[in-house]
file work14.pdb (PDB, C-alpha atoms (C1' of nucleotides))
ATOM      1  CA  MET A   1     -87.069 -85.081  -4.425  1.00  0.00           C
ATOM      2  CA  GLN A   2     -86.245 -87.527  -7.207  1.00  0.00           C
ATOM      3  CA  MET A   3     -82.896 -86.863  -8.839  1.00  0.00           C
ATOM      4  CA  LYS A   4     -82.013 -87.911 -12.364  1.00  0.00           C
ATOM      5  CA  PRO A   5     -79.478 -90.772 -12.597  1.00  0.00           C
ATOM      6  CA  ASP A   6     -77.757 -88.927 -15.443  1.00  0.00           C
ATOM      7  CA  ASN A   7     -77.023 -85.686 -13.652  1.00  0.00           C
ATOM      8  CA  TRP A   8     -73.264 -85.338 -14.115  1.00  0.00           C
ATOM      9  CA  ASN A   9     -72.795 -81.770 -12.996  1.00  0.00           C
ATOM     10  CA  LEU A  10     -72.167 -82.563  -9.371  1.00  0.00           C
ATOM     11  CA  LYS A  11     -69.435 -82.010  -6.821  1.00  0.00           C
ATOM     12  CA  THR A  12     -68.094 -85.095  -5.084  1.00  0.00           C
ATOM     13  CA  ASP A  13     -70.256 -84.735  -1.993  1.00  0.00           C
ATOM     14  CA  GLN A  14     -73.401 -84.362  -4.093  1.00  0.00           C
ATOM     15  CA  ALA A  15     -72.374 -87.307  -6.270  1.00  0.00           C
ATOM     16  CA  ILE A  16     -72.154 -89.454  -3.150  1.00  0.00           C
ATOM     17  CA  LYS A  17     -75.611 -88.339  -2.031  1.00  0.00           C
ATOM     18  CA  LEU A  18     -77.005 -89.191  -5.461  1.00  0.00           C
ATOM     19  CA  GLN A  19     -75.555 -92.704  -5.214  1.00  0.00           C
ATOM     20  CA  ASN A  20     -77.184 -93.201  -1.838  1.00  0.00           C
ATOM     21  CA  GLN A  21     -80.531 -92.161  -3.299  1.00  0.00           C
ATOM     22  CA  LEU A  22     -80.310 -94.170  -6.508  1.00  0.00           C
ATOM     23  CA  ARG A  23     -79.365 -97.469  -4.877  1.00  0.00           C
ATOM     24  CA  SER A  24     -82.937 -98.002  -3.692  1.00  0.00           C
ATOM     25  CA  ARG A  25     -84.158 -98.056  -7.289  1.00  0.00           C
ATOM     26  CA  LEU A  26     -82.137-101.136  -8.209  1.00  0.00           C
ATOM     27  CA  ILE A  27     -84.020-104.311  -9.100  1.00  0.00           C
ATOM     28  CA  SER A  28     -82.227-107.576  -8.306  1.00  0.00           C
ATOM     29  CA  SER A  29     -83.915-109.992 -10.697  1.00  0.00           C
ATOM     30  CA  LEU A  30     -84.171-110.441 -14.448  1.00  0.00           C
ATOM     31  CA  PRO A  31     -87.185-108.893 -16.229  1.00  0.00           C
ATOM     32  CA  GLU A  32     -90.215-111.148 -16.820  1.00  0.00           C
ATOM     33  CA  GLY A  33     -89.667-113.315 -19.889  1.00  0.00           C
ATOM     34  CA  PHE A  34     -86.085-112.142 -20.294  1.00  0.00           C
ATOM     35  CA  GLU A  35     -84.429-113.565 -23.388  1.00  0.00           C
ATOM     36  CA  LEU A  36     -80.780-113.046 -24.177  1.00  0.00           C
ATOM     37  CA  GLN A  37     -80.275-112.465 -27.883  1.00  0.00           C
ATOM     38  CA  THR A  38     -77.623-109.747 -27.919  1.00  0.00           C
ATOM     39  CA  LEU A  39     -75.122-108.583 -25.327  1.00  0.00           C
ATOM     40  CA  ALA A  40     -72.562-105.801 -25.153  1.00  0.00           C
ATOM     41  CA  GLY A  41     -69.182-105.059 -23.637  1.00  0.00           C
ATOM     42  CA  VAL A  42     -68.174-101.543 -22.621  1.00  0.00           C
ATOM     43  CA  ASP A  43     -64.753-100.015 -22.023  1.00  0.00           C
ATOM     44  CA  VAL A  44     -63.168 -96.574 -21.845  1.00  0.00           C
ATOM     45  CA  SER A  45     -59.582 -95.496 -22.529  1.00  0.00           C
ATOM     46  CA  PHE A  46     -57.912 -92.116 -22.136  1.00  0.00           C
ATOM     47  CA  PRO A  47     -55.998 -90.947 -25.237  1.00  0.00           C
ATOM     48  CA  GLY A  48     -54.716 -87.964 -23.321  1.00  0.00           C
ATOM     49  CA  PRO A  49     -55.346 -85.852 -20.206  1.00  0.00           C
ATOM     50  CA  GLY A  50     -58.957 -84.720 -20.185  1.00  0.00           C
ATOM     51  CA  VAL A  51     -60.020 -86.896 -23.105  1.00  0.00           C
ATOM     52  CA  GLY A  52     -61.914 -90.168 -22.951  1.00  0.00           C
ATOM     53  CA  LEU A  53     -62.685 -92.759 -25.642  1.00  0.00           C
ATOM     54  CA  CYS A  54     -65.557 -95.196 -25.160  1.00  0.00           C
ATOM     55  CA  VAL A  55     -66.215 -98.342 -27.176  1.00  0.00           C
ATOM     56  CA  ILE A  56     -69.270-100.593 -27.059  1.00  0.00           C
ATOM     57  CA  VAL A  57     -69.125-103.953 -28.821  1.00  0.00           C
ATOM     58  CA  VAL A  58     -72.386-105.797 -29.448  1.00  0.00           C
ATOM     59  CA  LEU A  59     -72.334-109.548 -29.981  1.00  0.00           C
ATOM     60  CA  SER A  60     -74.861-112.244 -30.741  1.00  0.00           C
ATOM     61  CA  ALA A  61     -75.503-114.169 -27.521  1.00  0.00           C
ATOM     62  CA  VAL A  62     -75.985-117.277 -29.631  1.00  0.00           C
ATOM     63  CA  THR A  63     -73.098-117.292 -32.082  1.00  0.00           C
ATOM     64  CA  GLY A  64     -70.716-114.857 -30.427  1.00  0.00           C
ATOM     65  CA  GLU A  65     -70.453-112.996 -33.710  1.00  0.00           C
ATOM     66  CA  VAL A  66     -69.764-109.255 -33.503  1.00  0.00           C
ATOM     67  CA  LEU A  67     -72.856-107.412 -34.695  1.00  0.00           C
ATOM     68  CA  GLU A  68     -71.891-103.803 -34.134  1.00  0.00           C
ATOM     69  CA  ILE A  69     -69.199-101.547 -32.716  1.00  0.00           C
ATOM     70  CA  ALA A  70     -69.862 -97.981 -31.618  1.00  0.00           C
ATOM     71  CA  HIS A  71     -67.348 -95.509 -30.291  1.00  0.00           C
ATOM     72  CA  HIS A  72     -67.087 -91.895 -29.269  1.00  0.00           C
ATOM     73  CA  SER A  73     -64.482 -89.649 -27.674  1.00  0.00           C
ATOM     74  CA  MET A  74     -65.014 -86.460 -25.748  1.00  0.00           C
ATOM     75  CA  LYS A  75     -63.690 -84.260 -23.000  1.00  0.00           C
ATOM     76  CA  VAL A  76     -63.794 -85.708 -19.502  1.00  0.00           C
ATOM     77  CA  THR A  77     -63.618 -83.440 -16.477  1.00  0.00           C
ATOM     78  CA  PHE A  78     -64.513 -85.522 -13.439  1.00  0.00           C
ATOM     79  CA  PRO A  79     -61.342 -87.036 -11.888  1.00  0.00           C
ATOM     80  CA  TYR A  80     -60.860 -90.685 -11.051  1.00  0.00           C
ATOM     81  CA  ILE A  81     -61.928 -91.189  -7.460  1.00  0.00           C
ATOM     82  CA  PRO A  82     -62.427 -94.725  -6.109  1.00  0.00           C
ATOM     83  CA  GLY A  83     -66.171 -95.104  -5.597  1.00  0.00           C
ATOM     84  CA  LEU A  84     -67.129 -92.383  -8.074  1.00  0.00           C
ATOM     85  CA  LEU A  85     -66.028 -93.978 -11.345  1.00  0.00           C
ATOM     86  CA  SER A  86     -69.476 -93.650 -12.930  1.00  0.00           C
ATOM     87  CA  PHE A  87     -69.240 -89.873 -12.785  1.00  0.00           C
ATOM     88  CA  ARG A  88     -66.038 -89.999 -14.822  1.00  0.00           C
ATOM     89  CA  GLU A  89     -66.984 -92.649 -17.374  1.00  0.00           C
ATOM     90  CA  GLY A  90     -70.778 -92.304 -17.335  1.00  0.00           C
ATOM     91  CA  PRO A  91     -71.130 -89.189 -19.497  1.00  0.00           C
ATOM     92  CA  ILE A  92     -69.101 -90.566 -22.384  1.00  0.00           C
ATOM     93  CA  PHE A  93     -70.789 -93.960 -22.178  1.00  0.00           C
ATOM     94  CA  VAL A  94     -74.274 -92.428 -22.342  1.00  0.00           C
ATOM     95  CA  GLU A  95     -73.248 -90.463 -25.414  1.00  0.00           C
ATOM     96  CA  THR A  96     -71.774 -93.545 -27.067  1.00  0.00           C
ATOM     97  CA  VAL A  97     -74.749 -95.795 -26.414  1.00  0.00           C
ATOM     98  CA  THR A  98     -77.066 -93.446 -28.309  1.00  0.00           C
ATOM     99  CA  ARG A  99     -75.077 -94.295 -31.426  1.00  0.00           C
ATOM    100  CA  LEU A 100     -75.988 -97.976 -31.274  1.00  0.00           C
ATOM    101  CA  LYS A 101     -78.489 -99.265 -33.823  1.00  0.00           C
ATOM    102  CA  VAL A 102     -78.960-102.525 -31.943  1.00  0.00           C
ATOM    103  CA  LYS A 103     -80.057-102.163 -28.326  1.00  0.00           C
ATOM    104  CA  PRO A 104     -78.402-105.025 -26.369  1.00  0.00           C
ATOM    105  CA  ASP A 105     -80.364-107.168 -23.915  1.00  0.00           C
ATOM    106  CA  LEU A 106     -77.455-107.241 -21.451  1.00  0.00           C
ATOM    107  CA  TYR A 107     -74.335-105.155 -20.815  1.00  0.00           C
ATOM    108  CA  PHE A 108     -70.991-106.110 -19.255  1.00  0.00           C
ATOM    109  CA  PHE A 109     -69.006-103.294 -17.658  1.00  0.00           C
ATOM    110  CA  ASP A 110     -65.370-103.058 -16.656  1.00  0.00           C
ATOM    111  CA  GLY A 111     -65.951-102.240 -12.995  1.00  0.00           C
ATOM    112  CA  GLN A 112     -68.205-103.035 -10.047  1.00  0.00           C
ATOM    113  CA  GLY A 113     -71.978-103.494  -9.951  1.00  0.00           C
ATOM    114  CA  ILE A 114     -73.459-103.365  -6.441  1.00  0.00           C
ATOM    115  CA  ALA A 115     -70.196-104.480  -4.819  1.00  0.00           C
ATOM    116  CA  HIS A 116     -69.568-100.863  -3.954  1.00  0.00           C
ATOM    117  CA  PRO A 117     -69.358 -98.725  -0.775  1.00  0.00           C
ATOM    118  CA  ARG A 118     -72.824 -97.296  -1.462  1.00  0.00           C
ATOM    119  CA  GLY A 119     -74.148-100.196  -3.532  1.00  0.00           C
ATOM    120  CA  LEU A 120     -73.975 -98.280  -6.790  1.00  0.00           C
ATOM    121  CA  GLY A 121     -70.893 -99.082  -8.826  1.00  0.00           C
ATOM    122  CA  LEU A 122     -70.518 -98.229 -12.531  1.00  0.00           C
ATOM    123  CA  ALA A 123     -72.567-101.178 -13.824  1.00  0.00           C
ATOM    124  CA  ALA A 124     -75.420-100.566 -11.381  1.00  0.00           C
ATOM    125  CA  HIS A 125     -75.575 -96.846 -12.108  1.00  0.00           C
ATOM    126  CA  MET A 126     -75.502 -97.328 -15.887  1.00  0.00           C
ATOM    127  CA  GLY A 127     -78.184-100.004 -15.569  1.00  0.00           C
ATOM    128  CA  LEU A 128     -80.582 -97.494 -14.029  1.00  0.00           C
ATOM    129  CA  ILE A 129     -79.994 -95.163 -16.960  1.00  0.00           C
ATOM    130  CA  LEU A 130     -80.305 -97.929 -19.572  1.00  0.00           C
ATOM    131  CA  LYS A 131     -83.181 -99.718 -17.837  1.00  0.00           C
ATOM    132  CA  LYS A 132     -81.517-102.936 -18.988  1.00  0.00           C
ATOM    133  CA  PRO A 133     -79.736-105.797 -17.163  1.00  0.00           C
ATOM    134  CA  THR A 134     -76.080-104.976 -16.421  1.00  0.00           C
ATOM    135  CA  ILE A 135     -73.204-106.929 -14.886  1.00  0.00           C
ATOM    136  CA  GLY A 136     -70.003-105.539 -13.409  1.00  0.00           C
ATOM    137  CA  VAL A 137     -66.817-107.567 -13.919  1.00  0.00           C
ATOM    138  CA  ALA A 138     -63.877-105.794 -12.308  1.00  0.00           C
ATOM    139  CA  LYS A 139     -60.257-106.831 -12.606  1.00  0.00           C
ATOM    140  CA  SER A 140     -59.566-105.961  -8.978  1.00  0.00           C
ATOM    141  CA  HIS A 141     -61.221-105.573  -5.603  1.00  0.00           C
ATOM    142  CA  LEU A 142     -62.995-102.449  -4.348  1.00  0.00           C
ATOM    143  CA  PHE A 143     -65.524-103.467  -1.726  1.00  0.00           C
ATOM    144  CA  GLY A 144     -66.640-106.556   0.157  1.00  0.00           C
ATOM    145  CA  HIS A 145     -65.148-109.438   2.112  1.00  0.00           C
ATOM    146  CA  TYR A 146     -64.204-112.756   0.541  1.00  0.00           C
ATOM    147  CA  GLU A 147     -62.103-115.880   0.695  1.00  0.00           C
ATOM    148  CA  GLU A 148     -59.768-116.735  -2.172  1.00  0.00           C
ATOM    149  CA  PRO A 149     -61.643-119.047  -4.590  1.00  0.00           C
ATOM    150  CA  GLY A 150     -60.303-122.440  -5.667  1.00  0.00           C
ATOM    151  CA  ASN A 151     -57.664-122.624  -8.366  1.00  0.00           C
ATOM    152  CA  GLU A 152     -59.758-124.255 -11.106  1.00  0.00           C
ATOM    153  CA  LYS A 153     -61.659-122.379 -13.792  1.00  0.00           C
ATOM    154  CA  GLY A 154     -65.299-121.845 -12.831  1.00  0.00           C
ATOM    155  CA  THR A 155     -64.619-121.864  -9.091  1.00  0.00           C
ATOM    156  CA  TRP A 156     -65.922-118.912  -7.119  1.00  0.00           C
ATOM    157  CA  SER A 157     -66.451-117.625  -3.612  1.00  0.00           C
ATOM    158  CA  PRO A 158     -69.068-115.116  -2.391  1.00  0.00           C
ATOM    159  CA  LEU A 159     -68.397-111.412  -1.960  1.00  0.00           C
ATOM    160  CA  LYS A 160     -70.156-110.210   1.181  1.00  0.00           C
ATOM    161  CA  ASP A 161     -70.989-106.831   2.666  1.00  0.00           C
ATOM    162  CA  ASP A 162     -70.347-105.971   6.310  1.00  0.00           C
ATOM    163  CA  LYS A 163     -73.598-107.638   7.360  1.00  0.00           C
ATOM    164  CA  GLY A 164     -72.810-110.871   5.537  1.00  0.00           C
ATOM    165  CA  GLY A 165     -75.164-110.216   2.655  1.00  0.00           C
ATOM    166  CA  ILE A 166     -73.965-111.620  -0.669  1.00  0.00           C
ATOM    167  CA  ILE A 167     -73.302-108.799  -3.139  1.00  0.00           C
ATOM    168  CA  GLY A 168     -71.306-110.632  -5.769  1.00  0.00           C
ATOM    169  CA  ALA A 169     -68.601-113.236  -6.284  1.00  0.00           C
ATOM    170  CA  VAL A 170     -64.886-113.595  -6.805  1.00  0.00           C
ATOM    171  CA  VAL A 171     -64.688-115.798  -9.885  1.00  0.00           C
ATOM    172  CA  ARG A 172     -61.780-117.806 -11.249  1.00  0.00           C
ATOM    173  CA  THR A 173     -62.279-117.454 -14.985  1.00  0.00           C
ATOM    174  CA  ARG A 174     -58.859-118.929 -15.812  1.00  0.00           C
ATOM    175  CA  ALA A 175     -57.038-121.631 -13.872  1.00  0.00           C
ATOM    176  CA  GLY A 176     -54.122-120.312 -11.905  1.00  0.00           C
ATOM    177  CA  LYS A 177     -54.814-116.699 -12.789  1.00  0.00           C
ATOM    178  CA  LYS A 178     -56.072-113.790 -10.740  1.00  0.00           C
ATOM    179  CA  PRO A 179     -59.855-113.991 -10.289  1.00  0.00           C
ATOM    180  CA  VAL A 180     -62.314-111.310 -11.413  1.00  0.00           C
ATOM    181  CA  PHE A 181     -64.833-109.534  -9.162  1.00  0.00           C
ATOM    182  CA  VAL A 182     -68.357-110.078 -10.415  1.00  0.00           C
ATOM    183  CA  SER A 183     -71.415-108.277  -9.094  1.00  0.00           C
ATOM    184  CA  PRO A 184     -74.876-107.618 -10.496  1.00  0.00           C
ATOM    185  CA  GLY A 185     -75.723-104.141 -11.699  1.00  0.00           C
ATOM    186  CA  HIS A 186     -79.430-103.552 -12.349  1.00  0.00           C
ATOM    187  CA  LEU A 187     -82.203-106.016 -13.285  1.00  0.00           C
ATOM    188  CA  ILE A 188     -80.210-109.177 -12.511  1.00  0.00           C
ATOM    189  CA  ASP A 189     -79.213-111.342  -9.544  1.00  0.00           C
ATOM    190  CA  VAL A 190     -75.865-112.655  -8.322  1.00  0.00           C
ATOM    191  CA  GLU A 191     -76.432-116.185  -9.647  1.00  0.00           C
ATOM    192  CA  HIS A 192     -77.156-115.110 -13.213  1.00  0.00           C
ATOM    193  CA  SER A 193     -74.310-112.614 -13.103  1.00  0.00           C
ATOM    194  CA  ILE A 194     -71.885-115.444 -12.365  1.00  0.00           C
ATOM    195  CA  GLU A 195     -73.529-117.723 -14.904  1.00  0.00           C
ATOM    196  CA  TYR A 196     -73.343-115.226 -17.757  1.00  0.00           C
ATOM    197  CA  THR A 197     -69.830-114.144 -16.836  1.00  0.00           C
ATOM    198  CA  LEU A 198     -68.582-117.714 -17.063  1.00  0.00           C
ATOM    199  CA  LYS A 199     -70.602-118.445 -20.188  1.00  0.00           C
ATOM    200  CA  TYR A 200     -69.092-115.535 -22.076  1.00  0.00           C
ATOM    201  CA  THR A 201     -65.543-115.826 -20.784  1.00  0.00           C
ATOM    202  CA  THR A 202     -64.000-118.264 -23.225  1.00  0.00           C
ATOM    203  CA  LYS A 203     -60.367-117.872 -24.193  1.00  0.00           C
ATOM    204  CA  PHE A 204     -59.171-115.314 -21.655  1.00  0.00           C
ATOM    205  CA  ARG A 205     -59.659-114.026 -18.113  1.00  0.00           C
ATOM    206  CA  ILE A 206     -62.042-111.256 -19.146  1.00  0.00           C
ATOM    207  CA  PRO A 207     -65.487-111.821 -20.714  1.00  0.00           C
ATOM    208  CA  GLU A 208     -65.297-111.560 -24.537  1.00  0.00           C
ATOM    209  CA  PRO A 209     -67.608-108.541 -24.812  1.00  0.00           C
ATOM    210  CA  THR A 210     -65.519-106.306 -22.560  1.00  0.00           C
ATOM    211  CA  ARG A 211     -62.250-107.826 -23.734  1.00  0.00           C
ATOM    212  CA  LEU A 212     -63.069-106.925 -27.333  1.00  0.00           C
ATOM    213  CA  ALA A 213     -64.221-103.460 -26.300  1.00  0.00           C
ATOM    214  CA  HIS A 214     -60.901-102.962 -24.539  1.00  0.00           C
ATOM    215  CA  LEU A 215     -58.909-104.059 -27.600  1.00  0.00           C
ATOM    216  CA  TRP A 216     -60.757-101.541 -29.755  1.00  0.00           C
ATOM    217  CA  THR A 217     -60.387 -98.828 -27.169  1.00  0.00           C
ATOM    218  CA  GLN A 218     -56.614 -99.269 -27.319  1.00  0.00           C
ATOM    219  CA  LYS A 219     -56.483 -99.576 -31.105  1.00  0.00           C
ATOM    220  CA  LEU A 220     -58.612 -96.484 -31.771  1.00  0.00           C
ATOM    221  CA  LYS A 221     -56.642 -94.490 -29.226  1.00  0.00           C
ATOM    222  CA  LYS A 222     -53.554 -94.775 -31.429  1.00  0.00           C
ATOM    223  CA  SER A 223     -55.312 -93.617 -34.575  1.00  0.00           C
ATOM    224  CA  LEU A 224     -56.137 -90.210 -33.119  1.00  0.00           C
TER     225      LEU A 224
ATOM    226  C1'  DG B   1     -54.756 -91.120  12.858  1.00  0.00           C
ATOM    227  C1'  DC B   2     -53.819 -95.368   9.710  1.00  0.00           C
ATOM    228  C1'  DG B   3     -54.892 -98.331   5.629  1.00  0.00           C
ATOM    229  C1'  DA B   4     -57.819 -99.289   1.346  1.00  0.00           C
ATOM    230  C1'  DC B   5     -58.848 -97.568  -2.794  1.00  0.00           C
ATOM    231  C1'  DA B   6     -63.059-100.241  -9.704  1.00  0.00           C
ATOM    232  C1'  DG B   7     -60.565 -97.405 -14.028  1.00  0.00           C
TER     233       DG B   7
ATOM    234  C1'  DA C   1     -56.186 -95.638 -16.625  1.00  0.00           C
ATOM    235  C1'  DT C   2     -51.234 -94.239 -18.328  1.00  0.00           C
ATOM    236  C1'  DC C   3     -45.852 -94.076 -18.944  1.00  0.00           C
ATOM    237  C1'  DT C   4     -43.309 -98.524 -22.163  1.00  0.00           C
ATOM    238  C1'  DT C   5     -39.963-103.311 -25.831  1.00  0.00           C
ATOM    239  C1'  DG C   6     -38.529-107.110 -25.682  1.00  0.00           C
ATOM    240  C1'  DT C   7     -38.658-111.229 -23.509  1.00  0.00           C
ATOM    241  C1'  DC C   8     -39.366-115.472 -20.370  1.00  0.00           C
ATOM    242  C1'  DG C   9     -42.810-118.956 -19.655  1.00  0.00           C
ATOM    243  C1'  DC C  10     -47.147-121.937 -19.977  1.00  0.00           C
TER     244       DC C  10
END
call {"tool": "encode", "arguments": {"input": "work14.pdb", "output": "structure tokens"}}
result
Amino acid sequence: MQMKPDNWNLKTDQAIKLQNQLRSRLISSLPEGFELQTLAGVDVSFPGPGVGLCVIVVLSAVTGEVLEIAHHSMKVTFPYIPGLLSFREGPIFVETVTRLKVKPDLYFFDGQGIAHPRGLGLAAHMGLILKKPTIGVAKSHLFGHYEEPGNEKGTWSPLKDDKGGIIGAVVRTRAGKKPVFVSPGHLIDVEHSIEYTLKYTTKFRIPEPTRLAHLWTQKLKKSL
DNA sequence: GCGACAG
DNA sequence: ATCTTGTCGC
């Protein structure tokens, strides 16, 4: 039986089963004739217990100019459990994305893509719902084996699963600073995930789209 | 049983 | 993620 990727009313054991079923639907290559015109960064903050605030910032892939910012806050019930982040942040993201006028060609998420225990991290799961290319750029490690990458910006080392398959990369986006964990979500491969992550990470360690989304998520949290 | 553990 | 100001350093 086919389950919907946006079924949030599940207990933890059922959520895990859903992830195992959805992983097979992932496509690991860009759509035919893919053209990157607009991209988005997503982030979620928690103004208080049981309340989440999501922000999506859309930028021009050419000029880097901010084209649109959408946000929404609502009650969150699912707890934070490593490996089940999409069930906590997914509902509010899906609600927020409906408020966008511009539909981005690519999304950056603050979390893992397929570099996940069941191959379905936040970025991968949201990609299946969006049916758009998604990339996960996490600030810390969750799953996979790797060697520390070189110390220069742009250097990276592969993230591998238990069988040695490459599921992402540990990328040094800033010399001398902690690397980020990049992995493809849906409709994209590891190589392009690294390429786009480096291309859109300019001044800081985190890609501009998600970095800006995070800034807004913190700013809006205070004005509530 | 003992660690590891996105945000 | 969140609790929290100024401060040392590149």
call {"tool": "resolve_selection", "arguments": {"input": "work14.pdb", "expression": "the PyMOL selection byres ((chain B) within 12 of (chain A))", "output": "tab-separated table (two decimals) with C-alpha atoms (C1' of nucleotides), in the coordinates of the input"}}
result
chain	number	residue	atom	x	y	z
B	4	DA	C1'	-57.82	-99.29	1.35
B	5	DC	C1'	-58.85	-97.57	-2.79
B	6	DA	C1'	-63.06	-100.24	-9.70
B	7	DG	C1'	-60.56	-97.40	-14.03
call {"tool": "resolve_selection", "arguments": {"input": "work14.pdb", "expression": "the PyMOL selection byres ((chain A and resi 2-10) around 7)", "output": "ChimeraX atom specification"}}
result
/A:1,11-12,14-15,87,91,128-129
call {"tool": "write_last_selection", "arguments": {"input": "work14.pdb", "atoms": "C-alpha atoms", "output": "PDB file, in the coordinates of the input"}}
result
ATOM      1  CA  MET A   1     -87.069 -85.081  -4.425  1.00  0.00           C
ATOM      2  CA  LYS A  11     -69.435 -82.010  -6.821  1.00  0.00           C
ATOM      3  CA  THR A  12     -68.094 -85.095  -5.084  1.00  0.00           C
ATOM      4  CA  GLN A  14     -73.401 -84.362  -4.093  1.00  0.00           C
ATOM      5  CA  ALA A  15     -72.374 -87.307  -6.270  1.00  0.00           C
ATOM      6  CA  PHE A  87     -69.240 -89.873 -12.785  1.00  0.00           C
ATOM      7  CA  PRO A  91     -71.130 -89.189 -19.497  1.00  0.00           C
ATOM      8  CA  LEU A 128     -80.582 -97.494 -14.029  1.00  0.00           C
ATOM      9  CA  ILE A 129     -79.994 -95.163 -16.960  1.00  0.00           C
TER      10      ILE A 129
END
call {"tool": "closest_residue", "arguments": {"input": "work14.pdb", "among": "A:Gly64, A:Gly33, A:Gly165, A:Gly50", "to": "chain C", "atoms": "only C-alpha atoms (C1' of nucleotides)"}}
result
A:Gly50
call {"tool": "interface_residues", "arguments": {"input": "work14.pdb", "of": "chain C", "to": "chain A", "cutoff": "12 Å", "atoms": "all atoms listed in the file", "output": "PyMOL selection string"}}
result
chain C and resi 1-3+10
call {"tool": "atom_distance", "arguments": {"input": "work14.pdb", "atom1": "atom CA of A:Lys103", "atom2": "atom CA of A:His72"}}
result
16.6 Å
call {"tool": "atom_distance", "arguments": {"input": "work14.pdb", "atom1": "atom CA of A:Val58", "atom2": "atom CA of A:Leu39"}}
result
5.7 Å
call {"tool": "residues_around", "arguments": {"input": "work14.pdb", "residues": "A:Lys160", "least_positions_apart": "4", "cutoff": "9 Å", "atoms": "all atoms listed in the file", "output": "PyMOL selection string"}}
result
chain A and resi 115+143-146+164-169
call {"tool": "write_last_selection", "arguments": {"input": "work14.pdb", "atoms": "C-alpha atoms", "output": "PDB file, in the coordinates of the input"}}
result
ATOM      1  CA  ALA A 115     -70.196-104.480  -4.819  1.00  0.00           C
ATOM      2  CA  PHE A 143     -65.524-103.467  -1.726  1.00  0.00           C
ATOM      3  CA  GLY A 144     -66.640-106.556   0.157  1.00  0.00           C
ATOM      4  CA  HIS A 145     -65.148-109.438   2.112  1.00  0.00           C
ATOM      5  CA  TYR A 146     -64.204-112.756   0.541  1.00  0.00           C
ATOM      6  CA  GLY A 164     -72.810-110.871   5.537  1.00  0.00           C
ATOM      7  CA  GLY A 165     -75.164-110.216   2.655  1.00  0.00           C
ATOM      8  CA  ILE A 166     -73.965-111.620  -0.669  1.00  0.00           C
ATOM      9  CA  ILE A 167     -73.302-108.799  -3.139  1.00  0.00           C
ATOM     10  CA  GLY A 168     -71.306-110.632  -5.769  1.00  0.00           C
ATOM     11  CA  ALA A 169     -68.601-113.236  -6.284  1.00  0.00           C
TER      12      ALA A 169
END
call {"tool": "axis_aligned_box", "arguments": {"input": "work14.pdb", "around": "chain B", "padding_each_side": "3 Å", "output": "AutoDock Vina command-line options"}}
result
--center_x -58.4 --center_y -95.7 --center_z -0.6 --size_x 15.2 --size_y 15.1 --size_z 32.9
call {"tool": "atom_distance", "arguments": {"input": "work14.pdb", "atom1": "atom CA of A:Lys153", "atom2": "atom CA of A:Leu67"}}
result
28.0 Å
call {"tool": "resolve_selection", "arguments": {"input": "work14.pdb", "expression": "the PyMOL selection byres ((chain A and resi 191) around 12)", "output": "PyMOL selection string"}}
result
chain A and resi 28-30+135+156-158+166-169+171+182-184+188-190+192-198
